[in-house]
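This is entry_0.txt. It holds compact mmCIF, C-alpha atoms.
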```txt
# COMPACT_ATOMS: atom_id res chain seq x y z
CA MET N 1 11.55 -2.84 14.29
CA PRO N 2 12.49 -1.48 10.85
CA PHE N 3 10.23 1.55 11.05
CA ALA N 4 12.39 2.86 13.86
CA ARG N 5 14.81 3.73 11.06
CA LEU N 6 12.22 6.16 9.70
CA ALA N 7 11.60 7.77 13.07
CA THR N 8 14.86 9.68 12.91
CA ALA N 9 14.21 11.04 9.40
CA THR N 10 13.64 14.77 9.22
CA THR N 11 12.77 15.32 5.56
CA PRO N 12 9.23 16.57 4.78
CA THR N 13 8.57 13.34 2.88
CA CYS N 14 9.67 10.90 5.58
CA HIS N 15 6.06 9.78 6.19
CA LEU N 16 5.39 9.08 2.52
CA GLY N 17 6.19 5.74 0.92
CA LEU N 18 6.10 4.32 -2.60
CA GLY N 19 3.82 1.41 -3.44
CA LEU N 20 4.57 -0.59 -6.59
CA ALA N 21 1.18 -2.25 -7.08
CA ALA N 22 0.46 -0.29 -10.26
CA VAL N 23 3.85 -0.68 -11.99
CA GLY N 24 4.79 -4.26 -11.11
CA ARG N 25 2.24 -5.69 -13.57
CA PRO N 26 0.56 -4.48 -16.77
CA GLY N 27 -3.00 -4.51 -15.45
CA TYR N 28 -4.45 -2.87 -12.35
CA ILE N 29 -7.68 -1.18 -11.23
CA THR N 30 -6.33 2.37 -11.15
CA LEU N 31 -8.08 4.84 -13.43
CA SER N 32 -6.28 6.55 -16.36
CA ARG N 33 -3.72 3.78 -16.89
CA ASP N 34 -3.90 4.08 -20.67
CA ARG N 35 -3.00 7.76 -20.39
CA ASP N 36 -0.31 7.26 -17.75
CA LEU N 37 1.35 4.08 -19.01
CA GLY N 38 0.54 3.97 -22.71
CA GLN N 39 0.27 0.73 -24.64
CA ASP N 40 3.77 -0.62 -24.03
CA ARG N 41 3.45 -2.68 -20.84
CA GLY N 42 6.32 -5.05 -21.54
CA VAL N 43 8.37 -6.44 -18.67
CA GLU N 44 11.46 -4.39 -19.47
CA THR N 45 9.43 -1.22 -19.99
CA LEU N 46 7.81 -1.53 -16.57
CA ARG N 47 11.11 -2.56 -14.99
CA THR N 48 12.69 0.66 -16.28
CA ARG N 49 9.67 2.71 -15.17
CA THR N 50 9.86 1.17 -11.69
CA HIS N 51 13.56 1.92 -11.40
CA ASP N 52 13.00 5.53 -12.51
CA LEU N 53 10.32 5.90 -9.84
CA LEU N 54 12.57 4.40 -7.18
CA ASP N 55 15.43 6.71 -8.17
CA ALA N 56 13.14 9.75 -7.96
CA ALA N 57 11.51 8.65 -4.71
CA TYR N 58 14.81 8.04 -2.98
CA ALA N 59 16.23 11.36 -4.19
CA GLN N 60 13.20 13.14 -2.72
CA GLY N 61 13.45 11.53 0.71
CA VAL N 62 11.12 8.53 0.43
CA ARG N 63 12.47 5.61 2.46
CA TYR N 64 9.65 3.03 2.52
CA VAL N 65 8.82 0.84 -0.50
CA ASP N 66 5.81 -1.50 -0.59
CA VAL N 67 5.50 -4.57 -2.83
CA ALA N 68 3.68 -7.93 -2.78
CA ARG N 69 3.87 -11.42 -4.24
CA SER N 70 0.71 -10.67 -6.25
CA TYR N 71 1.99 -7.39 -7.71
CA GLY N 72 3.39 -9.13 -10.77
CA ARG N 73 7.17 -8.65 -10.78
CA SER N 74 7.28 -5.87 -8.19
CA GLU N 75 9.58 -7.78 -5.83
CA GLU N 76 11.89 -8.64 -8.74
CA PHE N 77 12.01 -5.05 -9.98
CA LEU N 78 12.74 -3.76 -6.49
CA ALA N 79 15.40 -6.40 -5.89
CA ASP N 80 17.12 -5.44 -9.13
CA TRP N 81 17.17 -1.79 -8.05
CA LEU N 82 18.51 -2.59 -4.59
CA ASN N 83 21.22 -4.82 -6.06
CA ALA N 84 22.22 -2.01 -8.41
CA HIS N 85 22.56 0.36 -5.45
CA PRO N 86 24.46 -1.48 -2.71
CA GLU N 87 25.28 1.87 -1.14
CA ILE N 88 21.61 2.38 -0.24
CA ASP N 89 21.03 0.79 3.15
CA ASP N 90 18.34 3.00 4.67
CA VAL N 91 15.31 1.88 2.66
CA VAL N 92 12.64 -0.07 4.55
CA VAL N 93 11.09 -2.81 2.38
CA GLY N 94 7.66 -4.27 2.99
CA SER N 95 6.04 -7.08 1.01
CA LYS N 96 2.90 -9.17 1.35
CA TRP N 97 1.89 -12.78 0.98
CA GLY N 98 -1.56 -14.35 0.66
CA TYR N 99 -2.37 -13.66 -3.00
CA THR N 100 -0.78 -15.35 -6.01
CA TYR N 101 -0.45 -13.43 -9.27
CA THR N 102 -2.21 -15.43 -12.00
CA ALA N 103 -2.64 -13.00 -14.92
CA GLY N 104 0.40 -14.18 -16.88
CA TRP N 105 1.38 -10.60 -17.72
CA SER N 106 -1.98 -9.94 -19.38
CA THR N 107 -4.41 -7.08 -18.82
CA ASP N 108 -7.48 -9.13 -19.73
CA ALA N 109 -6.95 -12.33 -17.74
CA GLU N 110 -10.05 -13.96 -16.28
CA ARG N 111 -8.44 -13.85 -12.81
CA HIS N 112 -5.53 -11.61 -11.89
CA GLU N 113 -4.83 -13.02 -8.43
CA VAL N 114 -5.93 -15.88 -6.18
CA LYS N 115 -6.23 -15.55 -2.41
CA ASP N 116 -4.92 -18.16 0.03
CA HIS N 117 -4.14 -17.37 3.67
CA GLY N 118 -3.12 -20.91 4.59
CA LEU N 119 0.16 -22.04 6.16
CA ALA N 120 1.34 -23.76 2.97
CA ALA N 121 0.81 -20.55 0.98
CA PHE N 122 2.83 -18.59 3.55
CA GLU N 123 5.71 -21.05 3.45
CA ARG N 124 5.78 -21.10 -0.37
CA GLN N 125 5.55 -17.36 -0.80
CA ARG N 126 7.97 -16.63 2.04
CA ALA N 127 10.58 -18.69 0.20
CA GLU N 128 9.79 -16.88 -3.07
CA SER N 129 10.14 -13.45 -1.45
CA ALA N 130 13.35 -14.47 0.32
CA GLY N 131 14.77 -15.72 -2.98
CA LEU N 132 14.37 -12.25 -4.48
CA LEU N 133 14.82 -9.84 -1.58
CA GLY N 134 16.91 -11.86 0.87
CA ASP N 135 17.73 -9.98 4.03
CA ARG N 136 16.54 -6.68 2.49
CA LEU N 137 12.96 -7.71 3.31
CA ASP N 138 12.04 -5.97 6.56
CA LEU N 139 8.27 -6.40 6.78
CA TYR N 140 6.06 -9.29 5.63
CA GLN N 141 2.32 -8.68 5.73
CA ILE N 142 -0.69 -10.94 5.31
CA HIS N 143 -2.41 -9.53 2.24
CA SER N 144 -5.99 -8.22 2.61
CA VAL N 145 -7.22 -9.74 5.85
CA THR N 146 -10.99 -9.69 6.31
CA PRO N 147 -12.93 -10.67 9.45
CA ASP N 148 -13.53 -14.17 8.07
CA SER N 149 -9.92 -14.80 7.11
CA PRO N 150 -8.49 -18.07 8.48
CA ALA N 151 -5.28 -16.15 9.12
CA LEU N 152 -6.94 -14.71 12.21
CA THR N 153 -7.55 -18.12 13.82
CA ASP N 154 -4.91 -20.51 12.42
CA ARG N 155 -2.63 -21.19 15.36
CA LYS N 156 -0.11 -23.14 13.27
CA LEU N 157 0.19 -20.16 10.94
CA HIS N 158 0.58 -17.86 13.92
CA ALA N 159 3.40 -20.03 15.24
CA ALA N 160 5.16 -19.91 11.87
CA LEU N 161 4.79 -16.13 11.69
CA ALA N 162 6.10 -15.79 15.24
CA GLU N 163 9.12 -17.91 14.31
CA ALA N 164 9.81 -15.64 11.35
CA ALA N 165 9.53 -12.65 13.69
CA ALA N 166 11.99 -14.26 16.11
CA GLN N 167 14.44 -14.50 13.22
CA GLY N 168 14.21 -10.74 12.63
CA LEU N 169 11.32 -10.30 10.21
CA THR N 170 8.61 -7.83 11.21
CA VAL N 171 5.14 -9.37 10.81
CA GLY N 172 2.10 -7.32 9.81
CA PHE N 173 -1.18 -7.49 7.95
CA SER N 174 -3.20 -5.45 5.49
CA THR N 175 -6.97 -5.11 5.30
CA SER N 176 -9.59 -4.62 2.64
CA GLY N 177 -13.37 -4.34 2.37
CA PRO N 178 -16.14 -2.56 4.27
CA ALA N 179 -15.37 -4.34 7.56
CA GLN N 180 -11.74 -3.24 7.85
CA ALA N 181 -12.26 -2.04 11.41
CA ASP N 182 -13.50 -5.48 12.50
CA ALA N 183 -10.51 -7.17 10.89
CA ILE N 184 -8.08 -4.75 12.56
CA ARG N 185 -9.57 -5.27 16.00
CA ALA N 186 -9.58 -9.06 15.57
CA ALA N 187 -5.91 -9.00 14.51
CA LEU N 188 -4.98 -6.91 17.56
CA GLU N 189 -6.20 -9.80 19.71
CA VAL N 190 -3.91 -12.38 18.09
CA THR N 191 -1.09 -13.41 20.41
CA VAL N 192 1.60 -16.07 20.49
CA ALA N 193 3.00 -17.06 23.88
CA GLY N 194 1.14 -14.11 25.36
CA GLU N 195 2.73 -11.54 23.04
CA PRO N 196 0.98 -9.62 20.23
CA LEU N 197 1.85 -11.15 16.86
CA PHE N 198 1.43 -8.19 14.53
CA ARG N 199 3.57 -5.06 14.56
CA THR N 200 2.10 -3.20 11.56
CA VAL N 201 -1.26 -2.73 9.86
CA GLN N 202 -1.85 -1.47 6.32
CA SER N 203 -5.37 -0.28 5.50
CA THR N 204 -7.35 1.71 2.96
CA TYR N 205 -8.15 5.22 4.17
CA ASN N 206 -8.93 8.26 2.06
CA ALA N 207 -11.31 11.19 1.69
CA LEU N 208 -14.07 8.83 0.55
CA GLU N 209 -13.46 5.88 2.91
CA THR N 210 -12.73 6.80 6.53
CA SER N 211 -14.45 3.96 8.39
CA ALA N 212 -11.23 2.31 9.60
CA ALA N 213 -9.99 5.45 11.39
CA PRO N 214 -11.04 4.56 14.97
CA ALA N 215 -9.58 1.05 14.70
CA LEU N 216 -6.37 2.40 13.17
CA ALA N 217 -6.07 4.83 16.08
CA GLU N 218 -6.45 1.87 18.45
CA ALA N 219 -3.76 -0.04 16.55
CA HIS N 220 -1.42 2.95 16.78
CA ASP N 221 -2.09 3.24 20.50
CA ALA N 222 -1.28 -0.46 20.83
CA GLY N 223 2.15 0.19 19.33
CA LEU N 224 1.59 -0.86 15.72
CA THR N 225 2.92 1.19 12.82
CA VAL N 226 0.01 2.19 10.57
CA ILE N 227 0.57 2.21 6.80
CA VAL N 228 -2.15 3.79 4.66
CA LYS N 229 -2.85 2.50 1.17
CA GLU N 230 -5.17 3.73 -1.58
CA GLY N 231 -5.07 7.31 -0.38
CA MET N 232 -6.07 8.30 -3.91
CA ALA N 233 -8.99 5.82 -4.01
CA ASN N 234 -7.58 4.06 -7.08
CA GLY N 235 -7.53 7.33 -9.01
CA ARG N 236 -10.98 8.58 -8.05
CA LEU N 237 -9.41 11.51 -6.17
CA ALA N 238 -7.03 12.50 -8.97
CA GLU N 239 -7.63 14.73 -11.95
CA PRO N 240 -9.86 14.52 -13.92
CA TYR N 241 -12.07 12.33 -11.71
CA ALA N 242 -11.77 14.28 -8.44
CA PRO N 243 -14.99 15.62 -6.88
CA ALA N 244 -15.69 19.32 -7.28
CA VAL N 245 -15.04 20.02 -3.59
CA LEU N 246 -11.57 18.51 -3.80
CA LYS N 247 -10.81 20.44 -6.98
CA ALA N 248 -11.86 23.68 -5.28
CA VAL N 249 -9.68 23.10 -2.24
CA ALA N 250 -6.76 22.14 -4.46
CA ALA N 251 -7.15 25.36 -6.46
CA GLU N 252 -7.01 27.35 -3.23
CA THR N 253 -3.74 25.68 -2.23
CA SER N 254 -2.24 26.06 -5.72
CA LEU N 255 -1.40 22.36 -5.60
CA GLY N 256 -2.93 19.26 -7.17
CA CYS N 257 -5.89 17.21 -6.05
CA ASP N 258 -3.51 14.36 -5.30
CA ALA N 259 -1.43 16.44 -2.90
CA VAL N 260 -4.54 17.58 -1.04
CA ALA N 261 -6.00 14.07 -0.89
CA LEU N 262 -2.78 12.62 0.55
CA ALA N 263 -2.32 15.58 2.91
CA LEU N 264 -5.74 14.77 4.38
CA VAL N 265 -4.38 11.35 5.34
CA LEU N 266 -0.98 12.59 6.51
CA ARG N 267 -2.57 14.85 9.09
CA GLU N 268 -3.98 11.88 11.01
CA PRO N 269 -1.83 11.40 14.14
CA TRP N 270 -1.96 7.62 13.76
CA ALA N 271 -0.72 7.58 10.13
CA GLY N 272 2.88 6.35 10.19
CA VAL N 273 3.43 5.96 6.45
CA VAL N 274 1.14 7.04 3.61
CA LEU N 275 1.72 5.34 0.29
CA SER N 276 1.96 6.98 -3.09
CA GLY N 277 0.90 4.74 -5.94
CA ALA N 278 2.38 6.99 -8.61
CA VAL N 279 3.23 5.47 -11.98
CA THR N 280 5.14 8.46 -13.41
CA THR N 281 7.85 10.58 -11.85
CA ALA N 282 5.67 13.66 -12.41
CA GLN N 283 2.85 12.04 -10.43
CA LEU N 284 5.30 11.14 -7.69
CA ALA N 285 6.58 14.70 -7.42
CA ALA N 286 3.00 15.98 -7.24
CA ASN N 287 2.09 13.39 -4.59
CA LEU N 288 5.05 14.37 -2.43
CA HIS N 289 3.79 17.95 -2.25
CA ALA N 290 1.27 16.55 0.23
CA ALA N 291 3.87 17.15 2.92
CA VAL N 292 3.45 20.93 2.61
CA VAL N 293 -0.32 21.31 2.03
CA ASP N 294 -2.08 23.58 4.52
CA LEU N 295 -5.56 22.32 5.40
CA ASP N 296 -7.38 24.71 7.71
CA ASP N 297 -10.64 23.95 9.51
CA ASP N 298 -12.80 25.28 6.71
CA ARG N 299 -11.09 23.13 4.09
CA LEU N 300 -11.24 20.09 6.33
CA ALA N 301 -14.96 20.59 6.89
CA ARG N 302 -15.61 20.81 3.16
CA LEU N 303 -13.53 17.73 2.41
CA ALA N 304 -15.41 15.83 5.12
CA THR N 305 -18.56 16.03 2.98
CA LEU N 306 -16.95 13.59 0.52
CA VAL N 307 -17.17 10.57 2.84
CA GLU N 308 -19.15 7.65 1.42
CA GLU N 309 -20.90 4.78 3.15
CA PRO N 310 -18.32 1.97 3.34
CA ARG N 311 -20.31 -0.68 1.51
CA ALA N 312 -21.10 1.73 -1.31
CA TYR N 313 -17.42 2.67 -1.57
CA TRP N 314 -16.23 -0.93 -1.72
CA GLU N 315 -18.96 -1.94 -4.13
CA ARG N 316 -17.82 0.77 -6.51
CA ARG N 317 -14.19 -0.22 -6.05
CA GLY N 318 -15.10 -3.80 -6.87
CA GLN N 319 -16.58 -2.64 -10.16
CA LEU N 320 -13.40 -0.93 -11.35
CA PRO N 321 -12.03 -2.76 -14.41
CA TRP N 322 -8.50 -4.11 -14.68
CA HIS N 323 -6.97 -1.77 -17.24
```
Output the file's structure in the form of structure tokens.
Amino acid sequence: MPFARLATATTPTCHLGLGLAAVGRPGYITLSRDRDLGQDRGVETLRTRTHDLLDAAYAQGVRYVDVARSYGRSEEFLADWLNAHPEIDDVVVGSKWGYTYTAGWSTDAERHEVKDHGLAAFERQRAESAGLLGDRLDLYQIHSVTPDSPALTDRKLHAALAEAAAQGLTVGFSTSGPAQADAIRAALEVTVAGEPLFRTVQSTYNALETSAAPALAEAHDAGLTVIVKEGMANGRLAEPYAPAVLKAVAAETSLGCDAVALALVLREPWAGVVLSGAVTTAQLAANLHAAVVDLDDDRLARLATLVEEPRAYWERRGQLPWH
């Protein structure tokens, strides 16, 4: 399993990864994009930005990079960087299939991505990912599984995923929505020839949305590597949008709200990798300070007051505009 390569890492940032959702395409639902990215969202501009982030992340000990077919050109940008650095052989690469990018490099498209968890979609997107990343692709995840996803019951799809796993690809899934815990537990029951199919799970967990925690602990206990996404709640936990409680705790630590928010996730014993979604190298450096944040019982208790009801959290997330 590729994540075994991370187990021997000893740098403070070894449990932090870099997600390219916000820099692989011009539009995304993260707050403050106009401030962080400016108006130039051309392909070459974002390619250069992505490469700068990858350079900085690698130099600071980050060894997991997360992309997806629906993240615009994220796989292409990452492949270019890997090809330019053949000496780098210790990066673990994870991608996802199940959504197709449909925005045509526009920030105001009617639809930015289309979901399809069918076997034909897997076969098409698997070939597309392989064409870009080749044998550098370590992990392939079903993108945003929900309890009603056909990916949980399609035995032909399961057989195809198991075949890919037999050929050396690690198979995982990500989750989204207020019923993440149900989706995780259903996925843990999926077997092929009596063996569990999935080896990783990637879920949303942050100071506002903690409902998946018990199921993620169960997944960890079952031997899956847990990857945490959206630790910054799509920018809601970053300056200037952070709640007053988070700002107060951050001031006490002399670090940023982002470092505190990610540190809250890192402290969970089941969290294998926590993703940074930084879009500037300054944001990345600030995010990586999460590895040294001290959260005592008093601070943890105050941060616990930020938790929202899952449906309210996801309803608000669904209302975020594509900037």
Query - From N:Ala207, N:Ala57, N:Ala121, N:Leu188, residue lying nearest Ala222 in chain N [all atoms listed in the file] - result: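 Among N:Ala207, N:Ala57, N:Ala121, N:Leu188, it is N:Leu188 that comes nearest to Ala222 in chain N.
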Report task. Using all atoms listed in the file, give me every residue within 6 Å of (8.9, -10.3, 9.6) in file coordinates, as a PyMOL selection string. Result -> chain N and resi 139-140+164-165+169-171
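Among the candidates N:Pro240, N:Ala166, N:Ala186, N:Ala233, the one nearest to Glu218 in chain N when counting only C-alpha atoms is N:Ala186.
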Test item: which residues lie within 9 Å of (-1.0, 3.9, -16.0) counting only C-alpha atoms, as a PDB file with C-alpha atoms, in the coordinates of the input:
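After the write, point29.pdb holds the following:
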```pdb
ATOM      1  CA  ALA N  22       0.460  -0.290 -10.260  1.00  0.00           C
ATOM      2  CA  VAL N  23       3.850  -0.680 -11.990  1.00  0.00           C
ATOM      3  CA  PRO N  26       0.560  -4.480 -16.770  1.00  0.00           C
ATOM      4  CA  GLY N  27      -3.000  -4.510 -15.450  1.00  0.00           C
ATOM      5  CA  TYR N  28      -4.450  -2.870 -12.350  1.00  0.00           C
ATOM      6  CA  THR N  30      -6.330   2.370 -11.150  1.00  0.00           C
ATOM      7  CA  LEU N  31      -8.080   4.840 -13.430  1.00  0.00           C
ATOM      8  CA  SER N  32      -6.280   6.550 -16.360  1.00  0.00           C
ATOM      9  CA  ARG N  33      -3.720   3.780 -16.890  1.00  0.00           C
ATOM     10  CA  ASP N  34      -3.900   4.080 -20.670  1.00  0.00           C
ATOM     11  CA  ARG N  35      -3.000   7.760 -20.390  1.00  0.00           C
ATOM     12  CA  ASP N  36      -0.310   7.260 -17.750  1.00  0.00           C
ATOM     13  CA  LEU N  37       1.350   4.080 -19.010  1.00  0.00           C
ATOM     14  CA  GLY N  38       0.540   3.970 -22.710  1.00  0.00           C
ATOM     15  CA  ALA N 278       2.380   6.990  -8.610  1.00  0.00           C
ATOM     16  CA  VAL N 279       3.230   5.470 -11.980  1.00  0.00           C
ATOM     17  CA  THR N 280       5.140   8.460 -13.410  1.00  0.00           C
ATOM     18  CA  HIS N 323      -6.970  -1.770 -17.240  1.00  0.00           C
TER      19      HIS N 323
END
```
**Report entry** Gap from CA of Gly104 in chain N to CA of Gly42 in chain N - Å, one decimal
**Finding:**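 Here the two named atoms are 11.8 Å from each other.
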Report task. May I have the residues within 12 Å of Ala127 in chain N as JSON, numbers by chain, using all atoms listed in the file and disregarding those fewer than 4 positions away in the same chain? Result -> {"N": [69, 97, 120, 121, 122, 123, 131, 132, 133, 134, 135, 137, 140, 164]}
Query raised in the report: In Å to one decimal, how far is CA of Arg73 in chain N from CA of Val145 in chain N?
Result: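 CA of Arg73 in chain N lies at a distance of 22.0 Å from CA of Val145 in chain N.
For the set N:Arg236, N:Leu262, N:Ala213, N:Leu208, the residue with the smallest atom-to-atom gap to Thr305 in chain N is N:Leu208, counting only C-alpha atoms.
The protein and nucleic acid residues lying at most 12 Å from Met1 in chain N are Phe3, Ala4, Arg5, Leu6, Ala7, Val92, Val93, Asp138, Leu139, Ala165, Ala166, Gly168, Leu169, Thr170, Val171, Gly172, Phe198, Arg199, Thr200, Gly223, Leu224 and Thr225 of chain N, with only C-alpha atoms considered and sequence neighbours fewer than 2 positions away removed.
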Query raised in the report: Which value, in Å to one decimal, gives the distance between CA of Ala263 in chain N and CA of Gly19 in chain N?
Result: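 For CA of Ala263 in chain N relative to CA of Gly19 in chain N, the distance reads 16.7 Å.
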**Report entry** Neighbour list for Leu197 in chain N as a ChimeraX atom specification, cut-off 7 Å, only C-alpha atoms, skip fewer than 6 positions in-chain
**Finding:** /N:162,190-191
Query raised in the report: With distances taken over all atoms listed in the file, which of N:Asn287, N:Leu16, N:Ile29, N:Thr175 is nearest to Gly318 in chain N?
Result: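 For Gly318 in chain N, the nearest of the candidates is N:Ile29.
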Requested in this report: Find, counting all atoms listed in the file, the residue in N:Pro243, N:Pro321, N:Pro178, N:Gly272 that gets nearest to Arg302 in chain N.
Outcome: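 Using all atoms listed in the file, Arg302 in chain N sits closest to N:Pro243.
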Query raised in the report: When distances are computed from all atoms listed in the file, which of N:Gly98, N:Gly24, N:Pro2, N:Pro150 shows the smallest separation from Val67 in chain N?
Result: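 Answer, going by the shortest atom-to-atom distance: N:Gly24.
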Report task. Give me the residues within 12 Å of Asn206 in chain N as a PyMOL selection string, counting all atoms listed in the file and dropping any in the same chain fewer than 2 places off. Result -> chain N and resi 203-204+208-213+228-238+258+260-268+271+274-275+303-304+306-308+310+313
Requested in this report: List the neighbours of Ser149 in chain N out to 10 Å using only C-alpha atoms; skip same-chain residues closer than 3 positions along the sequence, and give me the result as a list in words.
Outcome: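 Close residues of Ser149 in chain N: Asp116, His117, Gly118, Ser144, Val145, Thr146, Leu152, Thr153, Asp154 and Ala183 of chain N.
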Selecting N, CA, C and O atoms, how would range 116-128 of chain N from this structure be written as a compact mmCIF listing (two decimals), in the first residue's frame?
```txt
# COMPACT_ATOMS: atom_id res chain seq x y z
N ASP N 116 -21.03 10.62 -12.28
CA ASP N 116 -21.37 9.32 -12.86
C ASP N 116 -20.49 8.27 -12.22
O ASP N 116 -19.29 8.23 -12.44
N HIS N 117 -21.10 7.40 -11.41
CA HIS N 117 -20.36 6.35 -10.72
C HIS N 117 -20.50 4.99 -11.40
O HIS N 117 -20.29 3.95 -10.78
N GLY N 118 -20.85 4.99 -12.69
CA GLY N 118 -21.02 3.74 -13.42
C GLY N 118 -19.71 3.13 -13.89
O GLY N 118 -18.67 3.78 -13.92
N LEU N 119 -19.78 1.87 -14.29
CA LEU N 119 -18.60 1.14 -14.75
C LEU N 119 -17.96 1.80 -15.97
O LEU N 119 -16.74 1.91 -16.06
N ALA N 120 -18.80 2.25 -16.91
CA ALA N 120 -18.26 2.87 -18.12
C ALA N 120 -17.48 4.14 -17.78
O ALA N 120 -16.43 4.42 -18.38
N ALA N 121 -17.99 4.91 -16.83
CA ALA N 121 -17.30 6.14 -16.41
C ALA N 121 -15.95 5.79 -15.78
O ALA N 121 -14.94 6.46 -16.04
N PHE N 122 -15.92 4.75 -14.96
CA PHE N 122 -14.65 4.32 -14.36
C PHE N 122 -13.65 3.93 -15.44
O PHE N 122 -12.48 4.37 -15.41
N GLU N 123 -14.07 3.12 -16.39
CA GLU N 123 -13.14 2.65 -17.42
C GLU N 123 -12.61 3.82 -18.26
O GLU N 123 -11.42 3.87 -18.58
N ARG N 124 -13.50 4.76 -18.60
CA ARG N 124 -13.06 5.92 -19.38
C ARG N 124 -12.09 6.80 -18.60
O ARG N 124 -11.02 7.16 -19.10
N GLN N 125 -12.45 7.10 -17.37
CA GLN N 125 -11.61 8.01 -16.60
C GLN N 125 -10.34 7.33 -16.12
O GLN N 125 -9.29 7.99 -16.00
N ARG N 126 -10.38 6.05 -15.89
CA ARG N 126 -9.16 5.32 -15.53
C ARG N 126 -8.14 5.42 -16.66
O ARG N 126 -6.94 5.65 -16.43
N ALA N 127 -8.61 5.29 -17.89
CA ALA N 127 -7.70 5.41 -19.03
C ALA N 127 -7.16 6.83 -19.15
O ALA N 127 -5.99 7.04 -19.46
N GLU N 128 -8.01 7.83 -18.89
CA GLU N 128 -7.57 9.22 -18.95
C GLU N 128 -6.51 9.51 -17.89
O GLU N 128 -5.49 10.16 -18.18
```
